[in-house]
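Dumped my_file25.cif below, it's mmCIF, C-alpha atoms:
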```cif
data_query
#
loop_
_atom_site.label_atom_id
_atom_site.label_comp_id
_atom_site.auth_asym_id
_atom_site.auth_seq_id
_atom_site.Cartn_x
_atom_site.Cartn_y
_atom_site.Cartn_z
CA MET Q 1 0.00 0.00 0.00
CA GLU Q 2 1.07 3.56 -0.61
CA GLY Q 3 -0.23 6.29 1.64
CA GLY Q 4 -2.74 3.85 3.12
CA THR Q 5 -4.44 3.14 -0.22
CA PRO Q 6 -3.97 -0.36 -1.68
CA MET Q 7 -2.51 -0.74 -5.14
CA ALA Q 8 -5.16 -1.94 -7.59
CA PHE Q 9 -4.68 -3.52 -10.99
CA GLY Q 10 -6.74 -5.64 -13.33
CA TYR Q 11 -5.66 -8.95 -14.82
CA ASN Q 12 -7.08 -11.81 -16.88
CA VAL Q 13 -6.88 -15.56 -16.51
CA TYR Q 14 -8.19 -18.38 -18.66
CA ALA Q 15 -10.37 -20.52 -16.42
CA ASN Q 16 -13.34 -22.84 -16.90
CA GLY Q 17 -13.02 -22.41 -20.65
CA ILE Q 18 -13.31 -18.60 -20.85
CA ARG Q 19 -11.40 -15.38 -20.19
CA GLN Q 20 -12.01 -14.20 -16.65
CA HIS Q 21 -11.11 -10.67 -15.51
CA LEU Q 22 -10.32 -9.70 -11.94
CA ILE Q 23 -9.18 -6.57 -10.12
CA ARG Q 24 -6.67 -7.06 -7.33
CA TYR Q 25 -6.54 -4.72 -4.35
CA SER Q 26 -3.25 -5.77 -2.79
CA GLY Q 27 -3.16 -6.49 0.90
CA ASN Q 28 -0.91 -8.50 3.19
CA GLY Q 29 -3.58 -10.67 4.81
CA PRO Q 30 -5.41 -13.83 3.75
CA VAL Q 31 -6.44 -14.05 0.11
CA MET Q 32 -10.06 -13.13 -0.59
CA LEU Q 33 -11.97 -13.84 -3.80
CA LEU Q 34 -14.87 -11.37 -3.94
CA ILE Q 35 -17.81 -12.34 -6.17
CA PRO Q 36 -20.25 -9.46 -6.77
CA GLY Q 37 -23.97 -9.66 -7.34
CA ILE Q 38 -26.07 -9.96 -10.45
CA THR Q 39 -25.40 -6.53 -12.05
CA SER Q 40 -22.23 -5.37 -10.30
CA PRO Q 41 -19.07 -5.38 -12.41
CA ALA Q 42 -15.91 -5.75 -10.33
CA ILE Q 43 -14.94 -2.10 -10.58
CA THR Q 44 -18.11 -0.98 -8.81
CA TRP Q 45 -16.89 -2.77 -5.67
CA GLY Q 46 -13.64 -0.80 -5.65
CA PHE Q 47 -14.55 1.48 -2.76
CA VAL Q 48 -15.34 -1.60 -0.66
CA ALA Q 49 -12.33 -3.65 -1.77
CA GLU Q 50 -9.98 -0.79 -0.87
CA ARG Q 51 -11.14 -1.01 2.73
CA LEU Q 52 -11.18 -4.82 2.79
CA ALA Q 53 -7.56 -4.78 1.61
CA ARG Q 54 -6.53 -3.50 5.05
CA ARG Q 55 -7.21 -7.06 6.25
CA PHE Q 56 -7.23 -9.23 3.12
CA ASP Q 57 -5.49 -9.55 -0.26
CA VAL Q 58 -8.62 -8.92 -2.35
CA HIS Q 59 -9.32 -10.19 -5.87
CA VAL Q 60 -12.68 -9.02 -7.27
CA LEU Q 61 -14.14 -11.10 -10.08
CA ASP Q 62 -16.03 -9.84 -13.09
CA VAL Q 63 -18.62 -12.61 -13.28
CA ARG Q 64 -19.01 -14.01 -16.80
CA GLY Q 65 -21.14 -11.78 -19.01
CA ARG Q 66 -20.27 -8.71 -16.94
CA GLY Q 67 -17.49 -6.14 -16.85
CA LEU Q 68 -14.37 -7.22 -18.75
CA SER Q 69 -14.83 -10.98 -18.46
CA GLN Q 70 -15.87 -12.96 -21.52
CA ALA Q 71 -19.47 -12.56 -22.66
CA GLY Q 72 -21.49 -13.72 -25.67
CA GLU Q 73 -23.09 -17.12 -26.13
CA LEU Q 74 -22.06 -18.77 -22.87
CA ASP Q 75 -23.61 -20.88 -20.15
CA TYR Q 76 -24.84 -18.44 -17.48
CA SER Q 77 -26.25 -21.01 -15.09
CA LEU Q 78 -25.48 -21.20 -11.37
CA ASP Q 79 -23.32 -24.27 -11.89
CA ALA Q 80 -21.28 -22.52 -14.59
CA MET Q 81 -20.67 -19.49 -12.38
CA ALA Q 82 -19.81 -21.75 -9.43
CA GLY Q 83 -17.34 -23.57 -11.65
CA ASP Q 84 -15.78 -20.23 -12.50
CA ALA Q 85 -15.09 -19.52 -8.81
CA ILE Q 86 -13.37 -22.88 -8.39
CA GLU Q 87 -11.28 -22.64 -11.55
CA VAL Q 88 -10.42 -18.94 -11.20
CA ALA Q 89 -8.92 -19.62 -7.77
CA LYS Q 90 -6.67 -22.24 -9.38
CA ALA Q 91 -5.77 -20.29 -12.51
CA ALA Q 92 -4.99 -17.10 -10.59
CA GLY Q 93 -2.87 -18.94 -8.04
CA LEU Q 94 -5.04 -17.86 -5.12
CA GLY Q 95 -4.54 -21.09 -3.17
CA LYS Q 96 -7.57 -21.64 -0.92
CA PRO Q 97 -9.09 -18.17 -0.71
CA ILE Q 98 -11.82 -16.91 1.54
CA VAL Q 99 -14.77 -16.25 -0.76
CA LEU Q 100 -16.95 -13.22 -0.09
CA GLY Q 101 -20.05 -13.34 -2.23
CA HIS Q 102 -22.76 -10.71 -2.36
CA SER Q 103 -26.31 -11.62 -3.38
CA MET Q 104 -25.97 -13.79 -6.51
CA GLY Q 105 -22.26 -14.05 -5.71
CA ALA Q 106 -23.11 -15.64 -2.37
CA ARG Q 107 -25.28 -18.23 -4.10
CA ASN Q 108 -22.38 -18.91 -6.49
CA ALA Q 109 -20.08 -19.37 -3.49
CA ILE Q 110 -22.44 -21.81 -1.79
CA ARG Q 111 -22.73 -23.99 -4.90
CA ALA Q 112 -18.97 -23.79 -5.57
CA ALA Q 113 -18.17 -24.95 -2.04
CA ARG Q 114 -20.59 -27.86 -2.49
CA LEU Q 115 -18.97 -28.84 -5.78
CA ALA Q 116 -15.39 -28.48 -4.48
CA PRO Q 117 -15.35 -28.94 -0.69
CA ASP Q 118 -11.59 -28.34 -0.37
CA ALA Q 119 -11.27 -25.34 -2.69
CA PHE Q 120 -11.84 -22.52 -0.19
CA ALA Q 121 -10.81 -21.49 3.31
CA GLY Q 122 -14.16 -19.97 4.25
CA LEU Q 123 -17.31 -18.27 2.99
CA VAL Q 124 -18.72 -14.83 3.77
CA LEU Q 125 -22.28 -14.89 2.41
CA VAL Q 126 -23.68 -11.38 2.09
CA ASP Q 127 -27.49 -11.23 1.85
CA PRO Q 128 -27.94 -14.14 -0.59
CA PRO Q 129 -31.38 -14.49 -2.16
CA VAL Q 130 -33.19 -17.32 -0.36
CA SER Q 131 -35.76 -17.77 -3.11
CA GLY Q 132 -35.98 -21.10 -4.88
CA PRO Q 133 -38.39 -23.88 -5.84
CA GLY Q 134 -41.50 -23.66 -3.69
CA ARG Q 135 -40.24 -20.55 -1.87
CA ARG Q 136 -41.30 -16.91 -1.91
CA GLU Q 137 -40.09 -14.82 -4.84
CA TYR Q 138 -37.01 -12.69 -4.74
CA PRO Q 139 -38.26 -9.20 -3.78
CA SER Q 140 -36.62 -7.32 -6.66
CA LYS Q 141 -38.50 -7.51 -9.96
CA TRP Q 142 -37.16 -8.29 -13.41
CA ALA Q 143 -38.49 -5.03 -14.88
CA TRP Q 144 -36.09 -3.03 -12.69
CA TYR Q 145 -33.06 -4.86 -14.07
CA GLU Q 146 -34.23 -4.85 -17.67
CA ALA Q 147 -35.14 -1.16 -17.77
CA SER Q 148 -31.89 0.01 -16.21
CA ILE Q 149 -29.71 -2.18 -18.46
CA LEU Q 150 -31.52 -1.11 -21.64
CA MET Q 151 -31.08 2.51 -20.56
CA ALA Q 152 -27.38 1.95 -19.96
CA GLN Q 153 -26.97 0.30 -23.35
CA LYS Q 154 -28.12 3.53 -24.98
CA GLY Q 155 -25.87 5.65 -22.78
CA CYS Q 156 -26.97 7.29 -19.57
CA SER Q 157 -25.80 9.63 -16.84
CA ALA Q 158 -25.55 9.51 -13.08
CA GLU Q 159 -28.68 11.64 -12.99
CA ASP Q 160 -30.53 9.11 -15.16
CA MET Q 161 -29.43 6.34 -12.79
CA LYS Q 162 -30.96 8.16 -9.84
CA GLU Q 163 -34.35 6.72 -10.79
CA PHE Q 164 -32.99 3.24 -10.08
CA CYS Q 165 -30.52 3.95 -7.25
CA PRO Q 166 -31.94 6.98 -5.43
CA THR Q 167 -29.93 6.58 -2.21
CA TRP Q 168 -26.52 6.19 -3.86
CA THR Q 169 -23.94 8.95 -4.07
CA GLN Q 170 -23.33 10.81 -7.31
CA GLU Q 171 -20.02 9.00 -7.75
CA GLN Q 172 -21.60 5.59 -7.22
CA ARG Q 173 -24.39 6.31 -9.70
CA ALA Q 174 -21.89 7.62 -12.25
CA LEU Q 175 -19.84 4.43 -12.02
CA ARG Q 176 -22.94 2.28 -12.43
CA ALA Q 177 -24.06 4.37 -15.40
CA GLU Q 178 -20.64 3.87 -16.99
CA TRP Q 179 -20.44 0.10 -16.48
CA LEU Q 180 -23.97 -1.33 -16.40
CA HIS Q 181 -24.04 -1.72 -20.19
CA THR Q 182 -21.41 -4.47 -19.78
CA CYS Q 183 -23.98 -6.64 -18.01
CA GLN Q 184 -25.26 -8.82 -20.85
CA LEU Q 185 -29.04 -8.88 -20.65
CA ASP Q 186 -29.53 -12.60 -21.24
CA ALA Q 187 -26.86 -13.41 -18.64
CA ILE Q 188 -28.75 -11.34 -16.11
CA ASP Q 189 -32.05 -12.91 -17.16
CA THR Q 190 -30.67 -16.43 -16.68
CA ALA Q 191 -29.30 -15.59 -13.24
CA PHE Q 192 -32.52 -13.88 -12.16
CA LYS Q 193 -34.61 -16.86 -13.23
CA GLY Q 194 -32.14 -19.08 -11.40
CA PHE Q 195 -32.95 -17.28 -8.16
CA HIS Q 196 -36.33 -19.02 -8.42
CA THR Q 197 -35.36 -22.38 -9.89
CA ASP Q 198 -32.03 -23.22 -8.21
CA ASP Q 199 -32.12 -24.73 -4.73
CA ILE Q 200 -29.12 -23.56 -2.72
CA HIS Q 201 -30.65 -24.76 0.55
CA GLN Q 202 -29.86 -28.33 -0.45
CA ASP Q 203 -26.18 -27.42 -0.58
CA LEU Q 204 -25.90 -25.93 2.90
CA PRO Q 205 -25.82 -29.14 4.97
CA HIS Q 206 -22.78 -30.31 2.97
CA LEU Q 207 -20.64 -27.25 3.79
CA LYS Q 208 -18.19 -27.82 6.63
CA LEU Q 209 -15.85 -24.84 6.24
CA PRO Q 210 -16.00 -21.62 8.32
CA MET Q 211 -19.01 -19.54 7.21
CA ARG Q 212 -20.59 -16.23 8.09
CA LEU Q 213 -23.97 -14.94 6.93
CA VAL Q 214 -24.19 -11.15 6.71
CA VAL Q 215 -27.80 -9.95 6.70
CA ALA Q 216 -29.09 -6.57 5.50
CA GLY Q 217 -31.19 -5.48 8.45
CA ALA Q 218 -33.42 -3.13 6.45
CA ALA Q 219 -33.96 -5.35 3.40
CA PRO Q 220 -36.66 -8.00 2.83
CA VAL Q 221 -34.28 -10.51 1.23
CA ILE Q 222 -33.46 -12.52 4.39
CA GLN Q 223 -36.02 -12.60 7.18
CA ASP Q 224 -35.85 -14.04 10.69
CA GLU Q 225 -37.36 -17.35 9.63
CA ASP Q 226 -34.76 -17.63 6.85
CA VAL Q 227 -31.94 -17.13 9.34
CA ALA Q 228 -33.43 -19.83 11.55
CA GLU Q 229 -33.62 -22.26 8.62
CA ILE Q 230 -30.06 -21.53 7.51
CA ARG Q 231 -28.80 -22.07 11.06
CA GLN Q 232 -30.60 -25.41 11.12
CA LEU Q 233 -29.18 -26.49 7.76
CA ALA Q 234 -25.65 -25.26 8.51
CA PRO Q 235 -25.23 -25.17 12.30
CA PRO Q 236 -21.62 -23.87 12.30
CA ILE Q 237 -22.58 -20.67 10.46
CA GLU Q 238 -22.13 -17.31 12.20
CA VAL Q 239 -24.69 -14.58 11.58
CA ARG Q 240 -24.09 -10.84 11.59
CA THR Q 241 -26.79 -8.27 10.86
CA VAL Q 242 -26.01 -4.79 9.54
CA GLU Q 243 -28.82 -2.73 10.94
CA GLY Q 244 -30.40 -0.05 8.77
CA ALA Q 245 -28.78 -1.32 5.58
CA GLY Q 246 -30.59 -2.29 2.41
CA HIS Q 247 -29.57 -5.19 0.18
CA MET Q 248 -26.58 -3.28 -1.22
CA ILE Q 249 -25.15 -3.18 2.28
CA PRO Q 250 -21.82 -1.37 1.70
CA TRP Q 251 -23.57 1.35 -0.32
CA ASP Q 252 -25.86 2.04 2.66
CA ASN Q 253 -23.55 1.42 5.60
CA LEU Q 254 -19.93 0.78 4.66
CA ASP Q 255 -18.61 0.93 8.22
CA GLY Q 256 -21.28 -1.48 9.42
CA PHE Q 257 -20.47 -3.85 6.58
CA LEU Q 258 -16.75 -3.77 7.37
CA GLU Q 259 -17.42 -4.38 11.05
CA ALA Q 260 -19.42 -7.47 10.07
CA VAL Q 261 -16.71 -8.82 7.78
CA LEU Q 262 -13.19 -7.76 8.76
CA ASP Q 263 -12.78 -10.15 11.69
CA PHE Q 264 -13.63 -13.24 9.63
CA PRO Q 265 -12.91 -15.92 10.58
CA ALA Q 266 -13.58 -15.13 14.21
#
```
Using structure tokens, write down the structure that the file contains.
Amino acid sequence: MEGGTPMAFGYNVYANGIRQHLIRYSGNGPVMLLIPGITSPAITWGFVAERLARRFDVHVLDVRGRGLSQAGELDYSLDAMAGDAIEVAKAAGLGKPIVLGHSMGARNAIRAARLAPDAFAGLVLVDPPVSGPGRREYPSKWAWYEASILMAQKGCSAEDMKEFCPTWTQEQRALRAEWLHTCQLDAIDTAFKGFHTDDIHQDLPHLKLPMRLVVAGAAPVIQDEDVAEIRQLAPPIEVRTVEGAGHMIPWDNLDGFLEAVLDFPA
């Protein structure tokens, strides 16, 4: 680090059959692979990764079909994205990283850890959607994603993005306006549908590594009964709640998010 700010640089690896792009925020602690949510290119997590790098050596992944990773006619299923996490860790020489996944990224991490039990040192699961077969719908609606991406494809401003992200700062909206067009619409559609068809709960009892669930206290994604079920399915899991934060926890309460994460594993 120089002047307290971690050095950041992007790099590519060939993993799971495609080009995968990551941004590294260099730190001296344990390696962390950060997997963002459904429409968050890696660069949009920079302000969070800079702070996480005080404790971890952070590598933020552009999930396939987003950011600078390969897009086009690819498999955008949960299993494909989980395979990416496993193979990226190998190709990038990350050893057995701690995986921090937000939203969709947390679901990817759960499935990856089920598929490769020895690949990771721990999981930090940040407000994963708990929808699935026979369960209540994910609270965000498809129209919100589709409208914002189509707007970004035409070119939009931070002011335009305010309609979709009213509580974000000008800088955060500007970055989203700049990068959202890289989120391939059919990739997002496949992932969104997967929130309702993929069963991650079946994976939880098979996970034996250190885990922490970070819950957005002011969001409807994970409710008390969901926490109780997750504890039952994965008894070793720790739970931290960031009070007053919506689903995009670091955007609402960065300090609260860091407090919930930086001491992992406890």
Once the PyMOL selection byres ((chain Q and resi 20-28) around 9) has been applied to the shown file, what residues remain in the selection, as a PyMOL selection string?
chain Q and resi 1+6-16+18-19+29-31+42-43+46+49-50+52-64+67-70+84+88
Would you mind listing what lies within 8 Å of range 224-235 of chain Q as a ChimeraX atom specification, with all atoms listed in the file counted and same-chain residues fewer than 5 positions away left out?
/Q:130,201,204-205,207
What does the PyMOL selection byres ((chain Q and resi 168) around 12) select in this file, as a PDB file with C-alpha atoms, in the coordinates of the input?
```
ATOM      1  CA  ALA Q 158     -25.550   9.510 -13.080  1.00  0.00           C
ATOM      2  CA  GLU Q 159     -28.680  11.640 -12.990  1.00  0.00           C
ATOM      3  CA  MET Q 161     -29.430   6.340 -12.790  1.00  0.00           C
ATOM      4  CA  LYS Q 162     -30.960   8.160  -9.840  1.00  0.00           C
ATOM      5  CA  GLU Q 163     -34.350   6.720 -10.790  1.00  0.00           C
ATOM      6  CA  PHE Q 164     -32.990   3.240 -10.080  1.00  0.00           C
ATOM      7  CA  CYS Q 165     -30.520   3.950  -7.250  1.00  0.00           C
ATOM      8  CA  PRO Q 166     -31.940   6.980  -5.430  1.00  0.00           C
ATOM      9  CA  THR Q 167     -29.930   6.580  -2.210  1.00  0.00           C
ATOM     10  CA  THR Q 169     -23.940   8.950  -4.070  1.00  0.00           C
ATOM     11  CA  GLN Q 170     -23.330  10.810  -7.310  1.00  0.00           C
ATOM     12  CA  GLU Q 171     -20.020   9.000  -7.750  1.00  0.00           C
ATOM     13  CA  GLN Q 172     -21.600   5.590  -7.220  1.00  0.00           C
ATOM     14  CA  ARG Q 173     -24.390   6.310  -9.700  1.00  0.00           C
ATOM     15  CA  ALA Q 174     -21.890   7.620 -12.250  1.00  0.00           C
ATOM     16  CA  LEU Q 175     -19.840   4.430 -12.020  1.00  0.00           C
ATOM     17  CA  ARG Q 176     -22.940   2.280 -12.430  1.00  0.00           C
ATOM     18  CA  ALA Q 177     -24.060   4.370 -15.400  1.00  0.00           C
ATOM     19  CA  GLY Q 246     -30.590  -2.290   2.410  1.00  0.00           C
ATOM     20  CA  MET Q 248     -26.580  -3.280  -1.220  1.00  0.00           C
ATOM     21  CA  ILE Q 249     -25.150  -3.180   2.280  1.00  0.00           C
ATOM     22  CA  PRO Q 250     -21.820  -1.370   1.700  1.00  0.00           C
ATOM     23  CA  TRP Q 251     -23.570   1.350  -0.320  1.00  0.00           C
ATOM     24  CA  ASP Q 252     -25.860   2.040   2.660  1.00  0.00           C
ATOM     25  CA  ASN Q 253     -23.550   1.420   5.600  1.00  0.00           C
TER      26      ASN Q 253
END
```
Could you list, as an MDAnalysis selection string, every residue matched by the PyMOL selection byres ((chain Q and resi 79) around 8) in this structure?
chainID Q and resid 77:78 80:83 108 111:112
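If you count only C-alpha atoms and draw a sphere of 10 Å around (-20.0, -4.9, 12.7), the protein and nucleic acid residues inside it come out as Val214, Arg240, Thr241, Val242, Glu243, Leu254, Asp255, Gly256, Phe257, Leu258, Glu259, Ala260, Val261, Leu262 and Asp263 of chain Q.
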Show me the residues close to (-38.0, -18.9, -0.2) - anything with an atom within 12 Å, counting only C-alpha atoms - and format the list as a list in words.
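Every residue inside that radius is included here: Pro128, Pro129, Val130, Ser131, Gly132, Pro133, Gly134, Arg135, Arg136, Glu137, Tyr138, Pro139, Phe195, His196, Thr197, Asp198, Asp199, Ile200, His201, Pro220, Val221, Ile222, Gln223, Glu225, Asp226, Val227, Glu229 and Ile230 of chain Q.
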Hey, can you spit out that residue selection with C-alpha atoms as a PDB file, keeping the file's coordinate frame?
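The new file out-v3.pdb reads:
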```pdb
ATOM      1  CA  PRO Q 128     -27.940 -14.140  -0.590  1.00  0.00           C
ATOM      2  CA  PRO Q 129     -31.380 -14.490  -2.160  1.00  0.00           C
ATOM      3  CA  VAL Q 130     -33.190 -17.320  -0.360  1.00  0.00           C
ATOM      4  CA  SER Q 131     -35.760 -17.770  -3.110  1.00  0.00           C
ATOM      5  CA  GLY Q 132     -35.980 -21.100  -4.880  1.00  0.00           C
ATOM      6  CA  PRO Q 133     -38.390 -23.880  -5.840  1.00  0.00           C
ATOM      7  CA  GLY Q 134     -41.500 -23.660  -3.690  1.00  0.00           C
ATOM      8  CA  ARG Q 135     -40.240 -20.550  -1.870  1.00  0.00           C
ATOM      9  CA  ARG Q 136     -41.300 -16.910  -1.910  1.00  0.00           C
ATOM     10  CA  GLU Q 137     -40.090 -14.820  -4.840  1.00  0.00           C
ATOM     11  CA  TYR Q 138     -37.010 -12.690  -4.740  1.00  0.00           C
ATOM     12  CA  PRO Q 139     -38.260  -9.200  -3.780  1.00  0.00           C
ATOM     13  CA  PHE Q 195     -32.950 -17.280  -8.160  1.00  0.00           C
ATOM     14  CA  HIS Q 196     -36.330 -19.020  -8.420  1.00  0.00           C
ATOM     15  CA  THR Q 197     -35.360 -22.380  -9.890  1.00  0.00           C
ATOM     16  CA  ASP Q 198     -32.030 -23.220  -8.210  1.00  0.00           C
ATOM     17  CA  ASP Q 199     -32.120 -24.730  -4.730  1.00  0.00           C
ATOM     18  CA  ILE Q 200     -29.120 -23.560  -2.720  1.00  0.00           C
ATOM     19  CA  HIS Q 201     -30.650 -24.760   0.550  1.00  0.00           C
ATOM     20  CA  PRO Q 220     -36.660  -8.000   2.830  1.00  0.00           C
ATOM     21  CA  VAL Q 221     -34.280 -10.510   1.230  1.00  0.00           C
ATOM     22  CA  ILE Q 222     -33.460 -12.520   4.390  1.00  0.00           C
ATOM     23  CA  GLN Q 223     -36.020 -12.600   7.180  1.00  0.00           C
ATOM     24  CA  GLU Q 225     -37.360 -17.350   9.630  1.00  0.00           C
ATOM     25  CA  ASP Q 226     -34.760 -17.630   6.850  1.00  0.00           C
ATOM     26  CA  VAL Q 227     -31.940 -17.130   9.340  1.00  0.00           C
ATOM     27  CA  GLU Q 229     -33.620 -22.260   8.620  1.00  0.00           C
ATOM     28  CA  ILE Q 230     -30.060 -21.530   7.510  1.00  0.00           C
TER      29      ILE Q 230
END
```
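Atom to atom, CA of Thr182 in chain Q and CA of Pro41 in chain Q stand 7.8 Å apart.
Using only C-alpha atoms, the smallest distance between any of Q:Leu74, Q:Ala106, Q:Ala191, Q:Leu33 and Leu94 in chain Q comes from Q:Leu33.
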With a distance cut-off of 9 Å and all atoms listed in the file, select the neighbouring residues of Arg66 in chain Q, excluding the residue or stretch itself and same-chain residues fewer than 5 positions from it, and output the selection as a ChimeraX atom specification.
/Q:38-42,71,179-184,187-188
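As for CA of Met104 in chain Q and CA of Pro36 in chain Q, they are spaced 7.2 Å apart.
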